[in-house]
Amino acid sequence: MTKRTQFFRIPGKPKMNRRTAVVAAGVGTSLVLGTGVALAAQGDVFGSTTAGSVSKAVDASQTDGQQKTDGQQKGDGPQKSAAKPKQASWVKPVDKYELGSTFGLGGSHWSNKHSGQDLAVPTGTPVKSVHKGTVVDAGWGGSYGNNIVVKHGPNTYTQYGHLSKIGVKVGEQVNTGEEIGKAGSTGNSTGPHLHFETRTTPVYGSAVDPVKFMKEHGVNL
């Protein structure tokens, strides 16, 4: 009798064919790298899947993302608006005027020499603060009529006299060029105009030549 040899299969894990293994690798790649790279990996299943092809897909994805980021930085992002022109630090108290009585002028009209520069304008002309500061006087000023005094800094004050209207209060902060009142002819006045003074204190008797002072601050009256 011929002796037959029997072979028994040892139980173990089922073998995975090459196609299944490749598909599994592609799915794993999609979980790690994202949709864009997964498509590249799956497209290679039916050819040959290699580390080089996955690397190229990753590089392509990163390059595409970088290009989008660069585009946003260069042209897609919001554009900065043009810089606004810088406002002048000092300005004229009125826009259009005719020069009247000058600083230091004498005559019977004044008990002492003229302490400011008169600017002839119609009643109601807007009067502006020549520089930012704090209002230290706003009310009746005797021969000055309705007047305003603004402090701009140490030993630096300006006064606006003969106003028809006062538009600010004591303690109020004002900006350069801000309207503070209206020109008029109140007090000791012979006609509508603005009496403009520059002082080293808030009171009468400390006036300096306003034309010279304003010129030193870049404004020609």
# chains A, B, ... in the order shown; residues from 1 in each chain; ligands from 1
call {"tool": "residues_around", "arguments": {"residues": "Lys212 of chain A", "least_positions_apart": "5", "cutoff": "12 Å", "atoms": "only C-alpha atoms", "output": "ChimeraX atom specification"}}
result
/A:102-103,116-117,197-198,207,217-221
call {"tool": "residues_around", "arguments": {"residues": "Glu178 of chain A", "least_positions_apart": "6", "cutoff": "12 Å", "atoms": "only C-alpha atoms", "output": "PDB file with all heavy atoms, in the first residue's frame"}}
result
ATOM      1  N   TRP A  90      -0.980 125.477  13.635  1.00  0.00           N
ATOM      2  CA  TRP A  90      -1.567 126.786  13.933  1.00  0.00           C
ATOM      3  C   TRP A  90      -2.271 127.301  12.689  1.00  0.00           C
ATOM      4  O   TRP A  90      -1.810 127.078  11.564  1.00  0.00           O
ATOM      5  CB  TRP A  90      -0.477 127.777  14.365  1.00  0.00           C
ATOM      6  CG  TRP A  90       0.150 127.439  15.694  1.00  0.00           C
ATOM      7  CD1 TRP A  90       1.082 126.469  15.935  1.00  0.00           C
ATOM      8  CD2 TRP A  90      -0.110 128.077  16.944  1.00  0.00           C
ATOM      9  NE1 TRP A  90       1.423 126.449  17.257  1.00  0.00           N
ATOM     10  CE2 TRP A  90       0.711 127.430  17.906  1.00  0.00           C
ATOM     11  CE3 TRP A  90      -0.934 129.120  17.351  1.00  0.00           C
ATOM     12  CZ2 TRP A  90       0.714 127.799  19.253  1.00  0.00           C
ATOM     13  CZ3 TRP A  90      -0.922 129.492  18.701  1.00  0.00           C
ATOM     14  CH2 TRP A  90      -0.112 128.844  19.625  1.00  0.00           C
ATOM     15  N   VAL A  91      -3.394 127.997  12.883  1.00  0.00           N
ATOM     16  CA  VAL A  91      -4.176 128.519  11.757  1.00  0.00           C
ATOM     17  C   VAL A  91      -4.605 129.958  12.048  1.00  0.00           C
ATOM     18  O   VAL A  91      -4.472 130.448  13.175  1.00  0.00           O
ATOM     19  CB  VAL A  91      -5.427 127.652  11.496  1.00  0.00           C
ATOM     20  CG1 VAL A  91      -5.036 126.227  11.098  1.00  0.00           C
ATOM     21  CG2 VAL A  91      -6.352 127.642  12.716  1.00  0.00           C
ATOM     22  N   LYS A  92      -5.142 130.620  11.038  1.00  0.00           N
ATOM     23  CA  LYS A  92      -5.658 131.977  11.210  1.00  0.00           C
ATOM     24  C   LYS A  92      -6.987 131.940  11.966  1.00  0.00           C
ATOM     25  O   LYS A  92      -7.753 130.986  11.830  1.00  0.00           O
ATOM     26  CB  LYS A  92      -5.856 132.636   9.847  1.00  0.00           C
ATOM     27  CG  LYS A  92      -4.562 132.845   9.071  1.00  0.00           C
ATOM     28  CD  LYS A  92      -4.846 133.496   7.718  1.00  0.00           C
ATOM     29  CE  LYS A  92      -3.546 133.726   6.943  1.00  0.00           C
ATOM     30  NZ  LYS A  92      -3.777 134.402   5.651  1.00  0.00           N
ATOM     31  N   PRO A  93      -7.294 132.983  12.729  1.00  0.00           N
ATOM     32  CA  PRO A  93      -8.559 132.985  13.491  1.00  0.00           C
ATOM     33  C   PRO A  93      -9.796 133.199  12.620  1.00  0.00           C
ATOM     34  O   PRO A  93     -10.897 132.802  13.005  1.00  0.00           O
ATOM     35  CB  PRO A  93      -8.371 134.137  14.485  1.00  0.00           C
ATOM     36  CG  PRO A  93      -7.382 135.054  13.815  1.00  0.00           C
ATOM     37  CD  PRO A  93      -6.452 134.156  13.058  1.00  0.00           C
ATOM     38  N   VAL A  94      -9.624 133.817  11.470  1.00  0.00           N
ATOM     39  CA  VAL A  94     -10.712 133.974  10.494  1.00  0.00           C
ATOM     40  C   VAL A  94     -10.126 133.745   9.102  1.00  0.00           C
ATOM     41  O   VAL A  94      -8.929 133.967   8.876  1.00  0.00           O
ATOM     42  CB  VAL A  94     -11.369 135.378  10.571  1.00  0.00           C
ATOM     43  CG1 VAL A  94     -12.209 135.519  11.836  1.00  0.00           C
ATOM     44  CG2 VAL A  94     -10.332 136.487  10.503  1.00  0.00           C
ATOM     45  N   PRO A 126     -17.422 133.257  11.256  1.00  0.00           N
ATOM     46  CA  PRO A 126     -16.911 132.267  12.218  1.00  0.00           C
ATOM     47  C   PRO A 126     -15.508 132.620  12.699  1.00  0.00           C
ATOM     48  O   PRO A 126     -14.626 132.953  11.906  1.00  0.00           O
ATOM     49  CB  PRO A 126     -16.904 130.961  11.411  1.00  0.00           C
ATOM     50  CG  PRO A 126     -17.917 131.173  10.324  1.00  0.00           C
ATOM     51  CD  PRO A 126     -17.812 132.625   9.974  1.00  0.00           C
ATOM     52  N   VAL A 127     -15.288 132.543  14.000  1.00  0.00           N
ATOM     53  CA  VAL A 127     -13.986 132.776  14.618  1.00  0.00           C
ATOM     54  C   VAL A 127     -13.467 131.431  15.125  1.00  0.00           C
ATOM     55  O   VAL A 127     -14.195 130.688  15.808  1.00  0.00           O
ATOM     56  CB  VAL A 127     -14.093 133.782  15.772  1.00  0.00           C
ATOM     57  CG1 VAL A 127     -12.755 133.921  16.495  1.00  0.00           C
ATOM     58  CG2 VAL A 127     -14.553 135.140  15.243  1.00  0.00           C
ATOM     59  N   LYS A 128     -12.212 131.122  14.798  1.00  0.00           N
ATOM     60  CA  LYS A 128     -11.636 129.822  15.128  1.00  0.00           C
ATOM     61  C   LYS A 128     -10.485 129.957  16.122  1.00  0.00           C
ATOM     62  O   LYS A 128      -9.776 130.953  16.121  1.00  0.00           O
ATOM     63  CB  LYS A 128     -11.123 129.144  13.853  1.00  0.00           C
ATOM     64  CG  LYS A 128     -12.185 128.933  12.790  1.00  0.00           C
ATOM     65  CD  LYS A 128     -11.608 128.338  11.521  1.00  0.00           C
ATOM     66  CE  LYS A 128     -10.674 129.308  10.814  1.00  0.00           C
ATOM     67  NZ  LYS A 128     -10.178 128.765   9.531  1.00  0.00           N
ATOM     68  N   SER A 129     -10.316 128.922  16.924  1.00  0.00           N
ATOM     69  CA  SER A 129      -9.154 128.862  17.805  1.00  0.00           C
ATOM     70  C   SER A 129      -7.927 128.599  16.934  1.00  0.00           C
ATOM     71  O   SER A 129      -7.919 127.679  16.117  1.00  0.00           O
ATOM     72  CB  SER A 129      -9.305 127.730  18.828  1.00  0.00           C
ATOM     73  OG  SER A 129      -8.153 127.631  19.638  1.00  0.00           O
ATOM     74  N   VAL A 130      -6.882 129.405  17.117  1.00  0.00           N
ATOM     75  CA  VAL A 130      -5.705 129.280  16.249  1.00  0.00           C
ATOM     76  C   VAL A 130      -4.865 128.051  16.573  1.00  0.00           C
ATOM     77  O   VAL A 130      -3.999 127.653  15.789  1.00  0.00           O
ATOM     78  CB  VAL A 130      -4.828 130.550  16.320  1.00  0.00           C
ATOM     79  CG1 VAL A 130      -5.593 131.754  15.795  1.00  0.00           C
ATOM     80  CG2 VAL A 130      -4.322 130.790  17.744  1.00  0.00           C
ATOM     81  N   HIS A 131      -5.117 127.448  17.735  1.00  0.00           N
ATOM     82  CA  HIS A 131      -4.357 126.258  18.145  1.00  0.00           C
ATOM     83  C   HIS A 131      -5.176 125.535  19.210  1.00  0.00           C
ATOM     84  O   HIS A 131      -6.075 126.115  19.828  1.00  0.00           O
ATOM     85  CB  HIS A 131      -2.991 126.673  18.710  1.00  0.00           C
ATOM     86  CG  HIS A 131      -2.045 125.550  18.957  1.00  0.00           C
ATOM     87  ND1 HIS A 131      -1.568 124.733  17.967  1.00  0.00           N
ATOM     88  CD2 HIS A 131      -1.484 125.098  20.119  1.00  0.00           C
ATOM     89  CE1 HIS A 131      -0.746 123.841  18.474  1.00  0.00           C
ATOM     90  NE2 HIS A 131      -0.683 124.035  19.786  1.00  0.00           N
ATOM     91  N   LYS A 132      -4.895 124.274  19.415  1.00  0.00           N
ATOM     92  CA  LYS A 132      -5.627 123.521  20.441  1.00  0.00           C
ATOM     93  C   LYS A 132      -5.311 124.074  21.820  1.00  0.00           C
ATOM     94  O   LYS A 132      -4.229 124.623  22.061  1.00  0.00           O
ATOM     95  CB  LYS A 132      -5.262 122.040  20.374  1.00  0.00           C
ATOM     96  CG  LYS A 132      -3.806 121.738  20.699  1.00  0.00           C
ATOM     97  CD  LYS A 132      -3.538 120.247  20.578  1.00  0.00           C
ATOM     98  CE  LYS A 132      -2.073 119.938  20.890  1.00  0.00           C
ATOM     99  NZ  LYS A 132      -1.782 118.476  20.789  1.00  0.00           N
ATOM    100  N   GLY A 133      -6.262 123.957  22.730  1.00  0.00           N
ATOM    101  CA  GLY A 133      -6.042 124.466  24.075  1.00  0.00           C
ATOM    102  C   GLY A 133      -7.280 124.360  24.931  1.00  0.00           C
ATOM    103  O   GLY A 133      -8.237 123.653  24.603  1.00  0.00           O
ATOM    104  N   THR A 134      -7.268 125.118  26.043  1.00  0.00           N
ATOM    105  CA  THR A 134      -8.367 125.104  27.010  1.00  0.00           C
ATOM    106  C   THR A 134      -8.905 126.515  27.184  1.00  0.00           C
ATOM    107  O   THR A 134      -8.132 127.466  27.361  1.00  0.00           O
ATOM    108  CB  THR A 134      -7.876 124.579  28.372  1.00  0.00           C
ATOM    109  OG1 THR A 134      -7.292 123.280  28.203  1.00  0.00           O
ATOM    110  CG2 THR A 134      -9.030 124.485  29.359  1.00  0.00           C
ATOM    111  N   VAL A 150      -8.062 131.625  25.318  1.00  0.00           N
ATOM    112  CA  VAL A 150      -7.696 130.208  25.259  1.00  0.00           C
ATOM    113  C   VAL A 150      -6.233 130.047  25.673  1.00  0.00           C
ATOM    114  O   VAL A 150      -5.365 130.780  25.191  1.00  0.00           O
ATOM    115  CB  VAL A 150      -7.894 129.634  23.831  1.00  0.00           C
ATOM    116  CG1 VAL A 150      -7.457 128.165  23.786  1.00  0.00           C
ATOM    117  CG2 VAL A 150      -9.342 129.782  23.389  1.00  0.00           C
ATOM    118  N   GLY A 167     -19.323 130.738  21.627  1.00  0.00           N
ATOM    119  CA  GLY A 167     -19.757 129.358  21.396  1.00  0.00           C
ATOM    120  C   GLY A 167     -19.096 128.315  22.282  1.00  0.00           C
ATOM    121  O   GLY A 167     -19.292 127.115  22.066  1.00  0.00           O
ATOM    122  N   VAL A 168     -18.323 128.736  23.280  1.00  0.00           N
ATOM    123  CA  VAL A 168     -17.645 127.789  24.165  1.00  0.00           C
ATOM    124  C   VAL A 168     -17.801 128.229  25.616  1.00  0.00           C
ATOM    125  O   VAL A 168     -18.228 129.357  25.896  1.00  0.00           O
ATOM    126  CB  VAL A 168     -16.139 127.669  23.815  1.00  0.00           C
ATOM    127  CG1 VAL A 168     -15.948 127.000  22.461  1.00  0.00           C
ATOM    128  CG2 VAL A 168     -15.466 129.048  23.843  1.00  0.00           C
ATOM    129  N   GLU A 172     -13.593 124.217  28.643  1.00  0.00           N
ATOM    130  CA  GLU A 172     -13.789 123.385  27.458  1.00  0.00           C
ATOM    131  C   GLU A 172     -12.488 123.237  26.666  1.00  0.00           C
ATOM    132  O   GLU A 172     -11.733 124.199  26.500  1.00  0.00           O
ATOM    133  CB  GLU A 172     -14.871 124.013  26.570  1.00  0.00           C
ATOM    134  CG  GLU A 172     -15.273 123.162  25.381  1.00  0.00           C
ATOM    135  CD  GLU A 172     -16.462 123.746  24.644  1.00  0.00           C
ATOM    136  OE1 GLU A 172     -17.232 124.519  25.258  1.00  0.00           O
ATOM    137  OE2 GLU A 172     -16.624 123.427  23.446  1.00  0.00           O
TER     138      GLU A 172
END
call {"tool": "residues_around", "arguments": {"residues": "Gly205 of chain A", "least_positions_apart": "5", "cutoff": "10 Å", "atoms": "only C-alpha atoms", "output": "ChimeraX atom specification"}}
result
/A:112,115,199-200
call {"tool": "closest_residue", "arguments": {"among": "A:Ala138, A:Leu105, A:Ala120, A:Val203", "to": "Ser185 of chain A", "atoms": "only C-alpha atoms"}}
result
A:Ala120
call {"tool": "closest_residue", "arguments": {"among": "A:Lys151, A:Pro122, A:His114, A:Lys215", "to": "Asp95 of chain A", "atoms": "only C-alpha atoms"}}
result
A:Pro122
call {"tool": "atom_distance", "arguments": {"atom1": "atom CA of Asn188 of chain A", "atom2": "atom CA of Asn155 of chain A"}}
result
26.5 Å
call {"tool": "atom_distance", "arguments": {"atom1": "atom CA of Phe213 of chain A", "atom2": "atom CA of Thr201 of chain A"}}
result
14.4 Å
call {"tool": "closest_residue", "arguments": {"among": "A:Pro192, A:His152, A:Ala88, A:Ile180", "to": "Gly100 of chain A", "atoms": "only C-alpha atoms"}}
result
A:Pro192
call {"tool": "select_by_dssp", "arguments": {"residues": "segment 171-210 of chain A", "states": "strand (DSSP E or B)", "output": "count of residues only"}}
result
17
call {"tool": "closest_residue", "arguments": {"among": "A:Gly181, A:Val135, A:Lys96, A:Ser101", "to": "Val211 of chain A", "atoms": "only C-alpha atoms"}}
result
A:Ser101
call {"tool": "residues_around", "arguments": {"residues": "Gly142 of chain A", "least_positions_apart": "4", "cutoff": "9 Å", "atoms": "only C-alpha atoms", "output": "ChimeraX atom specification"}}
result
/A:146-147,187-188
call {"tool": "write_last_selection", "arguments": {"atoms": "N, CA, C and O atoms", "output": "tab-separated table (two decimals), in the first residue's frame"}}
result
chain	number	residue	atom	x	y	z
A	146	ASN	N	-17.88	140.97	24.22
A	146	ASN	CA	-17.85	139.51	24.39
A	146	ASN	C	-16.48	138.99	23.94
A	146	ASN	O	-16.08	139.22	22.80
A	147	ASN	N	-15.79	138.30	24.86
A	147	ASN	CA	-14.45	137.85	24.51
A	147	ASN	C	-14.18	136.44	25.01
A	147	ASN	O	-14.83	135.92	25.92
A	187	GLY	N	-18.70	145.95	22.82
A	187	GLY	CA	-17.67	146.64	23.60
A	187	GLY	C	-17.24	147.93	22.93
A	187	GLY	O	-18.00	148.57	22.21
A	188	ASN	N	-15.99	148.31	23.17
A	188	ASN	CA	-15.44	149.55	22.62
A	188	ASN	C	-15.00	149.29	21.18
A	188	ASN	O	-13.84	148.97	20.90
call {"tool": "residues_around", "arguments": {"residues": "Tyr160 of chain A", "least_positions_apart": "4", "cutoff": "6 Å", "atoms": "only C-alpha atoms", "output": "list in words"}}
result
Asn147, Ile148, His195 and Phe196 of chain A
call {"tool": "write_last_selection", "arguments": {"atoms": "N, CA and C atoms", "output": "PDB file, in the first residue's frame"}}
result
ATOM      1  N   ASN A 147     -15.789 138.302  24.863  1.00  0.00           N
ATOM      2  CA  ASN A 147     -14.446 137.850  24.508  1.00  0.00           C
ATOM      3  C   ASN A 147     -14.180 136.437  25.005  1.00  0.00           C
ATOM      4  N   ILE A 148     -13.201 135.795  24.379  1.00  0.00           N
ATOM      5  CA  ILE A 148     -12.772 134.441  24.744  1.00  0.00           C
ATOM      6  C   ILE A 148     -11.256 134.448  24.876  1.00  0.00           C
ATOM      7  N   HIS A 195     -10.910 141.500  17.320  1.00  0.00           N
ATOM      8  CA  HIS A 195      -9.695 141.948  18.000  1.00  0.00           C
ATOM      9  C   HIS A 195      -8.958 140.679  18.432  1.00  0.00           C
ATOM     10  N   PHE A 196      -7.767 140.451  17.873  1.00  0.00           N
ATOM     11  CA  PHE A 196      -7.010 139.235  18.148  1.00  0.00           C
ATOM     12  C   PHE A 196      -5.739 139.576  18.909  1.00  0.00           C
TER      13      PHE A 196
END
call {"tool": "residues_around", "arguments": {"residues": "Gly184 of chain A", "least_positions_apart": "5", "cutoff": "9 Å", "atoms": "only C-alpha atoms", "output": "list in words"}}
result
Val121, Pro122, Thr123, Gly124, Thr125, Asn146, Gly161, His162, Leu163, Ser164, Lys165, Gly191, Pro192, His193 and Leu194 of chain A
call {"tool": "residues_around", "arguments": {"residues": "Glu216 of chain A", "least_positions_apart": "6", "cutoff": "12 Å", "atoms": "only C-alpha atoms", "output": "JSON list (two decimals) with N, CA and C atoms, in the first residue's frame"}}
result
[["chain", "number", "residue", "atom", "x", "y", "z"],
["A", 89, "SER", "N", -0.57, 122.97, 12.49],
["A", 89, "SER", "CA", -0.56, 123.09, 13.95],
["A", 89, "SER", "C", -1.20, 124.40, 14.40],
["A", 90, "TRP", "N", -0.98, 125.48, 13.63],
["A", 90, "TRP", "CA", -1.57, 126.79, 13.93],
["A", 90, "TRP", "C", -2.27, 127.30, 12.69],
["A", 209, "ASP", "N", 3.24, 141.08, 20.19],
["A", 209, "ASP", "CA", 2.84, 141.35, 18.81],
["A", 209, "ASP", "C", 2.26, 140.07, 18.18],
["A", 210, "PRO", "N", 0.96, 140.04, 17.86],
["A", 210, "PRO", "CA", 0.34, 138.83, 17.30],
["A", 210, "PRO", "C", 0.83, 138.48, 15.90]]
call {"tool": "atom_distance", "arguments": {"atom1": "atom CA of Ile166 of chain A", "atom2": "atom CA of Thr186 of chain A"}}
result
11.6 Å
